[in-house]
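Okay, so here's the structure we're looking at.
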Amino acid sequence: MKTPPQNLLKRNHMILIFLIVLLLSTCSTDHPLAKPTIFPRSSSSSNIQLSLKPLILNGNLSFEDIHEAAKDFGNMYHFLPSAILYPETVSDISTIIKNINEMGTTSGLTVAARGNGHSVQGQAQANQGIVIDMKSLRGPEMQFYTGELPYVDVSGGELWVNILNESLKHGLSPKSWTDFLHLTVGGTLSNAGVSGQAFRHGPQINNVYQLEVVTGKGELVTCSEKQNTDLFYGVLGGLGQFGIITRARISLQAAPIMVKWIRVLYSDFSLFTKDQEHLISSQNAFDYIEGFVIINRTGLVNSWRSTFNPKDPVQASQFISDGKTLFCLEMAKYFNPQEIDFMNQKVDSLLSELSYIESTLFLSEATYVEFLDRVHVSMLKLQEKGLWDLPHPWLNLIIPRSRIHEFAQEVFGNILTDTSNGPILIYPFNKSKWNNRTSMITPEEDVLYLVAFLSSAMPGSTGTDGLEYIFSQNKRILDFCKSANLGMKQYLPHYLTQEEWKIHFGTKWEVFLRRKFTNDPLAILAPGHRIFQKGKVSQ
Ligand code: FAD
């Protein structure tokens with residue numbers, strides 16, 4: 001049968017759109033050494049505008065000024081969306097998602113919730129899709145319950161720093177934190193939210209009573225340990241794959257006013273980890289325990305002096321760090337001013353159990369807010385110097401305690417020659433404080449170490465501070481973990497193929513897949529992780 005000219009035209013147009021989409025999806029194939037790239041918008045965006053513009057929304061769907069949503073803290077991946085939704089109500093979010101579901105698989109449209117855009121590998125981006133700016137969601141104000149087992153109900157787009165400030169007005173505070181507070185509730189609960197309190201309270205995903213979620217089908221569901229349990233645990237640590245968190249009930253405790261903040265140094269890794277593990281095994285020791293590695297750096301200890309005072313200034317001034325690999329144990333004890341004497345005695349007693357280099361005891365006192373919001377101060381300083389918006393090829397690993405020495409020997413002894421590209425954090429936590437039912441994946445051991453390589457790269461540099469060099473170091477670390485079969489799992493995981501994701505999830509992959517099939521069968525949500533392709537989820 002002869003094709004009528006109008007149909008032929010329409011068919012050619014469809015083929016053109018198909019080819020453009022194919023080209024773009026090939027271009028956007030992730031690569032570990034991906035260069036910063038902006039992808040052009042395809043002509044299909046006008047079709048998207050035609051289909052989405054008529055929707056009745058309380059907020060705003062913008063097809064202009066979309067470049068912001070193609071940026072994140074990592075500054076390495078830049079996928080241009082078709083539009084940004086600035087939702088005013090939860091129903092805006094479900095309307096968009098339902099509409100995209102109705103289009104079926106033909107549209108190729110995906111949706112990414114964007115918290116504060118502090119991912120490093122494009123996880124909150126949606127190539128040619130819709131990015132939902134969660135911070136503009138104006139849910140009800142934060143609502144506090146101050147009775148027994150206090151909690152606060154907050155919007156999924158709320159920044160943790162705002163929750164801290166509001167909670168303090170009630171003498172309360174969340175229990176588990178991240179090191180940086182200018183991240184959103186939805187963003188950290190989609191991962192885990194880990195900091196120096198995790199050894200005692202577990203990650204942030206363990207300190208949530210209830211969630212309100214818009215699933216990948218556009219349904220609004222309330223879930224908790226007792227209600228829609230599978231969705232609740234799926235969403236926690238679920239990389240945004242099953243639903244968009246629009247509200248969360250966060251558990252609170254009485255807030256302290258002050259913090260005693262302490263740093264000590266070790267040159268012996270065994271003594272360092274022995275002390276860290278000793279401290280996390282005690283319920284009544286410090287409230288925060290972290291640590292970091294210092295390789296081949298001069299004068300770092302001196303730079304602490306603006307915040308910390310050496311216990312013994314004469315001995316401290318004689319301490320020479322040059323060239324040595326050092327391990328810094330960082331601890332904090334919360335207290336209220338009237339308890340200061342008791343707290344000091346307690347701290348002295350705890351420190352007397354440790355084996356650090358005696359001359360390297362540094363102490364400080366800060367308010368609880370100053371302590372928790374400490375990275376914000378560094379952020380402002382780096383911003384002033386134009387050093388905050390650099391590419392950030394970060395690598396976060398979780399290593400089982402039984403293999404941490406082997407890991408340290410190779411990585412801190414051979415692979416890394418210095419720590420001048422950024423801090424390397426290393427601290428243990430108790431696996432018993434993590435709920436195994438969430439989507440978060442960790443190795444199976446009682447004590448696990450978080451090791452975070454938080455590098456910044458100098459744009460255009462081909463030297464040891466350049467992106468290519470840092471990528472190659474990260475690759476060597478990952479290759480070593482694999483060849484030595486360390487049982488490592490990535491935190492804030494980033495993989496290139498579904499095969500790698502399957503290995504990451506291990507025995508939990510089937511559950512993850514089932515949850516995806518149940519809650520987001522067309523694979524509309526969170527395309528930036530590249531776990532599923534739109535329209536291709538099958539059990
Ligand atoms: P985004 O980057 O905007 O989003 C992250 C992912 O979550 C995306 O997949 C996105 O689609 C999804 N998402 C966002 N909002 C929602 C929602 N409401 N519902 C469902 N899915 C959603 N992590 C730690 O655990 N501990 C730390 O100490 C820590 N420190 C950090 C310090 C800095 C300076 C930076 C840049 C990051 C740090 N992180 C830390 C990592 C951080 O927790 C994650 O990158 C987190 O995802 C960032 O939150 P965000 O609000 O910017 O999320």
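Within each chain, counting starts at residue 1; across the structure tokens, chains are named A, B, ... in the order shown, with ligands numbered 1 upward in that order.
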
(message) Could you list, as JSON, numbers by chain, all residues that come within 7 Å of ligand 1? Count only C-alpha atoms and all ligand atoms.
(response) {"A": [72, 73, 112, 113, 114, 115, 116, 117, 118, 119, 120, 123, 124, 125, 134, 156, 157, 178, 179, 180, 183, 184, 185, 186, 187, 188, 190, 191, 192, 193, 194, 195, 239, 240, 243, 244, 245, 246, 492, 526, 528, 529]}

(message) Just list as JSON, numbers by chain whatever in segment 300-449 of chain A DSSP marks as helix (DSSP H, G or I).
(response) {"A": [300, 301, 302, 303, 304, 305, 306, 313, 314, 315, 316, 317, 318, 337, 338, 339, 340, 341, 342, 343, 344, 345, 346, 347, 348, 349, 350, 351, 358, 359, 360, 368, 369, 370, 371, 372, 374, 375, 376, 377, 378, 379, 380, 381, 382, 383, 384, 401, 402, 403, 404, 405, 406, 407, 408, 409, 410, 411, 412, 413, 414, 415, 431, 432, 433]}

(request) Kindly indicate which residue among A:His278, A:Arg138, A:His504, A:Lys71 lies nearest to Glu88 of chain A, using only C-alpha atoms for the distances. (result) A:Arg138

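Near Cys481 of chain A, within a cut-off of 10 Å and counting only C-alpha atoms, sit the residues Leu397, Ile399, Arg403, Glu406, Phe407, Glu410, Val411, Lys475, Arg476, Ile477, Leu478, Asp479, Ser483, Ala484, Asn485, Leu486, Gly487, Met488 and Lys489 of chain A, with same-chain residues fewer than 2 positions away left out.
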
(request) Find the residues near segment 49-66 of chain A: any atom within 8 Å, counting only C-alpha atoms, skip ones fewer than 6 places away on the same chain, and give them as an NGL selection string. (result) :A and (80-89 or 91-92 or 95-96 or 99)

Keeping all heavy atoms, export the residues of the selection given above as a JSON list (two decimals), in the first residue's frame.
```json
[["chain", "number", "residue", "atom", "x", "y", "z"],
["A", 80, "LEU", "N", 21.36, 18.05, 30.23],
["A", 80, "LEU", "CA", 20.34, 19.10, 30.16],
["A", 80, "LEU", "C", 18.94, 18.48, 30.17],
["A", 80, "LEU", "O", 18.66, 17.59, 29.37],
["A", 80, "LEU", "CB", 20.55, 19.87, 28.86],
["A", 80, "LEU", "CG", 20.11, 21.32, 28.82],
["A", 80, "LEU", "CD1", 20.77, 22.14, 29.91],
["A", 80, "LEU", "CD2", 20.43, 21.91, 27.45],
["A", 81, "PRO", "N", 18.07, 18.93, 31.09],
["A", 81, "PRO", "CA", 16.70, 18.40, 31.08],
["A", 81, "PRO", "C", 15.87, 19.13, 30.03],
["A", 81, "PRO", "O", 16.34, 20.06, 29.39],
["A", 81, "PRO", "CB", 16.20, 18.74, 32.49],
["A", 81, "PRO", "CG", 16.92, 20.00, 32.83],
["A", 81, "PRO", "CD", 18.26, 19.93, 32.16],
["A", 82, "SER", "N", 14.62, 18.70, 29.89],
["A", 82, "SER", "CA", 13.69, 19.43, 29.02],
["A", 82, "SER", "C", 12.99, 20.54, 29.79],
["A", 82, "SER", "O", 12.63, 21.56, 29.24],
["A", 82, "SER", "CB", 12.62, 18.49, 28.47],
["A", 82, "SER", "OG", 13.21, 17.59, 27.58],
["A", 83, "ALA", "N", 12.79, 20.27, 31.08],
["A", 83, "ALA", "CA", 12.06, 21.26, 31.89],
["A", 83, "ALA", "C", 12.39, 21.07, 33.37],
["A", 83, "ALA", "O", 12.86, 20.00, 33.78],
["A", 83, "ALA", "CB", 10.55, 21.09, 31.68],
["A", 84, "ILE", "N", 12.15, 22.12, 34.12],
["A", 84, "ILE", "CA", 12.26, 22.02, 35.59],
["A", 84, "ILE", "C", 10.89, 22.28, 36.18],
["A", 84, "ILE", "O", 10.24, 23.28, 35.84],
["A", 84, "ILE", "CB", 13.25, 23.05, 36.17],
["A", 84, "ILE", "CG1", 14.62, 22.91, 35.50],
["A", 84, "ILE", "CG2", 13.37, 22.89, 37.68],
["A", 84, "ILE", "CD1", 15.65, 23.91, 36.00],
["A", 85, "LEU", "N", 10.46, 21.38, 37.04],
["A", 85, "LEU", "CA", 9.20, 21.61, 37.77],
["A", 85, "LEU", "C", 9.54, 22.22, 39.12],
["A", 85, "LEU", "O", 10.36, 21.67, 39.88],
["A", 85, "LEU", "CB", 8.45, 20.28, 37.98],
["A", 85, "LEU", "CG", 7.23, 20.37, 38.90],
["A", 85, "LEU", "CD1", 6.11, 21.21, 38.27],
["A", 85, "LEU", "CD2", 6.69, 18.99, 39.27],
["A", 86, "TYR", "N", 8.93, 23.37, 39.41],
["A", 86, "TYR", "CA", 9.05, 23.98, 40.73],
["A", 86, "TYR", "C", 7.72, 23.72, 41.43],
["A", 86, "TYR", "O", 6.78, 24.52, 41.31],
["A", 86, "TYR", "CB", 9.31, 25.49, 40.62],
["A", 86, "TYR", "CG", 10.63, 25.79, 39.94],
["A", 86, "TYR", "CD1", 10.69, 26.04, 38.57],
["A", 86, "TYR", "CD2", 11.81, 25.82, 40.66],
["A", 86, "TYR", "CE1", 11.90, 26.29, 37.93],
["A", 86, "TYR", "CE2", 13.03, 26.08, 40.04],
["A", 86, "TYR", "CZ", 13.06, 26.31, 38.67],
["A", 86, "TYR", "OH", 14.27, 26.55, 38.05],
["A", 87, "PRO", "N", 7.59, 22.59, 42.14],
["A", 87, "PRO", "CA", 6.28, 22.23, 42.68],
["A", 87, "PRO", "C", 5.90, 23.11, 43.86],
["A", 87, "PRO", "O", 6.76, 23.49, 44.67],
["A", 87, "PRO", "CB", 6.48, 20.78, 43.14],
["A", 87, "PRO", "CG", 7.94, 20.68, 43.45],
["A", 87, "PRO", "CD", 8.63, 21.63, 42.54],
["A", 88, "GLU", "N", 4.65, 23.45, 43.95],
["A", 88, "GLU", "CA", 4.19, 24.16, 45.14],
["A", 88, "GLU", "C", 3.48, 23.18, 46.06],
["A", 88, "GLU", "O", 3.46, 23.37, 47.27],
["A", 88, "GLU", "CB", 3.27, 25.30, 44.73],
["A", 88, "GLU", "CG", 3.35, 26.45, 45.70],
["A", 88, "GLU", "CD", 2.56, 27.65, 45.22],
["A", 88, "GLU", "OE1", 2.90, 28.20, 44.17],
["A", 88, "GLU", "OE2", 1.60, 28.01, 45.92],
["A", 89, "THR", "N", 2.91, 22.17, 45.47],
["A", 89, "THR", "CA", 2.21, 21.16, 46.26],
["A", 89, "THR", "C", 2.65, 19.77, 45.82],
["A", 89, "THR", "O", 3.19, 19.60, 44.72],
["A", 89, "THR", "CB", 0.69, 21.26, 46.03],
["A", 89, "THR", "OG1", 0.45, 21.07, 44.62],
["A", 89, "THR", "CG2", 0.12, 22.59, 46.47],
["A", 91, "SER", "N", 0.70, 17.49, 44.96],
["A", 91, "SER", "CA", -0.10, 17.05, 43.80],
["A", 91, "SER", "C", 0.55, 17.47, 42.47],
["A", 91, "SER", "O", 0.36, 16.82, 41.45],
["A", 91, "SER", "CB", -1.54, 17.56, 43.91],
["A", 91, "SER", "OG", -1.56, 18.94, 43.67],
["A", 92, "ASP", "N", 1.36, 18.55, 42.48],
["A", 92, "ASP", "CA", 2.09, 18.91, 41.26],
["A", 92, "ASP", "C", 3.00, 17.75, 40.84],
["A", 92, "ASP", "O", 3.14, 17.45, 39.65],
["A", 92, "ASP", "CB", 2.98, 20.15, 41.50],
["A", 92, "ASP", "CG", 2.16, 21.43, 41.61],
["A", 92, "ASP", "OD1", 0.97, 21.39, 41.26],
["A", 92, "ASP", "OD2", 2.72, 22.45, 42.03],
["A", 95, "THR", "N", 0.89, 14.80, 39.60],
["A", 95, "THR", "CA", 0.28, 15.10, 38.29],
["A", 95, "THR", "C", 1.29, 14.86, 37.16],
["A", 95, "THR", "O", 0.99, 14.22, 36.16],
["A", 95, "THR", "CB", -0.19, 16.58, 38.25],
["A", 95, "THR", "OG1", -1.13, 16.76, 39.29],
["A", 95, "THR", "CG2", -0.82, 16.94, 36.91],
["A", 96, "ILE", "N", 2.50, 15.39, 37.33],
["A", 96, "ILE", "CA", 3.53, 15.23, 36.29],
["A", 96, "ILE", "C", 3.84, 13.75, 36.07],
["A", 96, "ILE", "O", 3.90, 13.25, 34.95],
["A", 96, "ILE", "CB", 4.82, 15.99, 36.70],
["A", 96, "ILE", "CG1", 4.65, 17.48, 36.51],
["A", 96, "ILE", "CG2", 6.05, 15.49, 35.95],
["A", 96, "ILE", "CD1", 4.82, 17.97, 35.07],
["A", 99, "ASN", "N", 1.07, 11.85, 34.40],
["A", 99, "ASN", "CA", 0.99, 12.22, 32.99],
["A", 99, "ASN", "C", 2.06, 11.50, 32.17],
["A", 99, "ASN", "O", 1.79, 10.99, 31.08],
["A", 99, "ASN", "CB", 1.14, 13.74, 32.86],
["A", 99, "ASN", "CG", 0.87, 14.20, 31.46],
["A", 99, "ASN", "OD1", 1.77, 14.31, 30.66],
["A", 99, "ASN", "ND2", -0.41, 14.41, 31.14]]
```

(message) Which of segment 317-515 of chain A end up as strand (DSSP E or B) when DSSP is run on this backbone - answer as a VMD selection string?
(response) chain A and resid 325 to 335 362 to 367 395 to 400 424 to 430 447 to 453 489 to 491

Include C-alpha atoms and write out the residues we just selected as a PDB file, in the first residue's frame.
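Contents of the output file result.pdb:
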```
ATOM      1  CA  THR A 325      51.749   9.328  57.114  1.00  0.00           C
ATOM      2  CA  LEU A 326      49.594  10.272  60.058  1.00  0.00           C
ATOM      3  CA  PHE A 327      46.123   9.292  61.169  1.00  0.00           C
ATOM      4  CA  CYS A 328      43.992  11.809  62.993  1.00  0.00           C
ATOM      5  CA  LEU A 329      41.300  10.604  65.371  1.00  0.00           C
ATOM      6  CA  GLU A 330      38.556  13.188  65.768  1.00  0.00           C
ATOM      7  CA  MET A 331      36.134  12.976  68.685  1.00  0.00           C
ATOM      8  CA  ALA A 332      33.405  15.116  70.158  1.00  0.00           C
ATOM      9  CA  LYS A 333      31.569  15.055  73.467  1.00  0.00           C
ATOM     10  CA  TYR A 334      28.300  16.965  73.813  1.00  0.00           C
ATOM     11  CA  PHE A 335      27.606  18.838  77.064  1.00  0.00           C
ATOM     12  CA  PHE A 362      44.408  19.350  70.412  1.00  0.00           C
ATOM     13  CA  LEU A 363      41.215  20.581  72.055  1.00  0.00           C
ATOM     14  CA  SER A 364      38.457  22.997  71.227  1.00  0.00           C
ATOM     15  CA  GLU A 365      35.013  24.013  72.416  1.00  0.00           C
ATOM     16  CA  ALA A 366      32.226  25.035  70.079  1.00  0.00           C
ATOM     17  CA  THR A 367      28.499  25.496  70.253  1.00  0.00           C
ATOM     18  CA  LEU A 395      35.087   8.117  45.916  1.00  0.00           C
ATOM     19  CA  ASN A 396      33.345   6.717  49.010  1.00  0.00           C
ATOM     20  CA  LEU A 397      33.958   3.132  50.073  1.00  0.00           C
ATOM     21  CA  ILE A 398      32.759   0.873  52.870  1.00  0.00           C
ATOM     22  CA  ILE A 399      35.420  -1.634  53.879  1.00  0.00           C
ATOM     23  CA  PRO A 400      34.902  -4.547  56.273  1.00  0.00           C
ATOM     24  CA  ILE A 424      40.476  11.397  53.180  1.00  0.00           C
ATOM     25  CA  LEU A 425      38.103  10.428  55.948  1.00  0.00           C
ATOM     26  CA  ILE A 426      38.263   7.065  57.660  1.00  0.00           C
ATOM     27  CA  TYR A 427      36.104   5.929  60.545  1.00  0.00           C
ATOM     28  CA  PRO A 428      34.314   2.814  61.741  1.00  0.00           C
ATOM     29  CA  PHE A 429      30.684   2.241  62.654  1.00  0.00           C
ATOM     30  CA  ASN A 430      28.700  -0.639  64.098  1.00  0.00           C
ATOM     31  CA  VAL A 447      32.292  -3.323  62.153  1.00  0.00           C
ATOM     32  CA  LEU A 448      32.629  -1.419  58.888  1.00  0.00           C
ATOM     33  CA  TYR A 449      34.872   1.477  57.871  1.00  0.00           C
ATOM     34  CA  LEU A 450      33.755   4.397  55.769  1.00  0.00           C
ATOM     35  CA  VAL A 451      36.696   5.646  53.699  1.00  0.00           C
ATOM     36  CA  ALA A 452      35.942   8.828  51.763  1.00  0.00           C
ATOM     37  CA  PHE A 453      38.373  10.264  49.195  1.00  0.00           C
ATOM     38  CA  LYS A 489      30.849  -1.773  48.771  1.00  0.00           C
ATOM     39  CA  GLN A 490      30.672   1.735  47.367  1.00  0.00           C
ATOM     40  CA  TYR A 491      28.785   4.375  49.335  1.00  0.00           C
TER      41      TYR A 491
END
```

(message) Residues near Ile205 of chain A, anyone? I mean within 12 Å using only C-alpha atoms, not counting same-chain ones fewer than 5 positions away, as a ChimeraX atom specification.
(response) /A:174-178,185-194,198,210-211,224,232-239,248-251,433-440

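Taking only C-alpha atoms into account, His392 of chain A lies nearest to A:Phe471 out of the set A:Phe471, A:Tyr495, A:Tyr356, A:Phe144.
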
(request) Calculate how many Å separate atom CA of Asp322 of chain A from atom CA of Ile295 of chain A, rounding to one decimal. (result)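 Atom CA of Asp322 of chain A sits 9.1 Å away from atom CA of Ile295 of chain A.
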
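Shell of Lys98 of chain A at 9 Å, with only C-alpha atoms counted and residues fewer than 2 places along the chain excluded, is Ile93, Ser94, Thr95, Ile96, Ile100, Asn101, Glu102, Met103, Gly216, Lys217, Gly218 and Glu219 of chain A.
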
(message) Counting only C-alpha atoms, which residue out of A:Ile97, A:Lys431, A:Asp312, A:Lys135 sits closest to Asn206 of chain A?
(response) A:Lys431

(message) Can you measure atom CA of Ile130 of chain A to atom CA of Val111 of chain A for me? One decimal in Å is fine.
(response)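 Separating atom CA of Ile130 of chain A from atom CA of Val111 of chain A is a distance of 4.8 Å.
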
(message) Let me make sure I understand: among A:Thr462, A:Thr442, A:Asn162, A:Gln121, which one has the smallest atom-to-atom distance to Glu141 of chain A if we use only C-alpha atoms?
(response)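 Closest candidate: A:Asn162.
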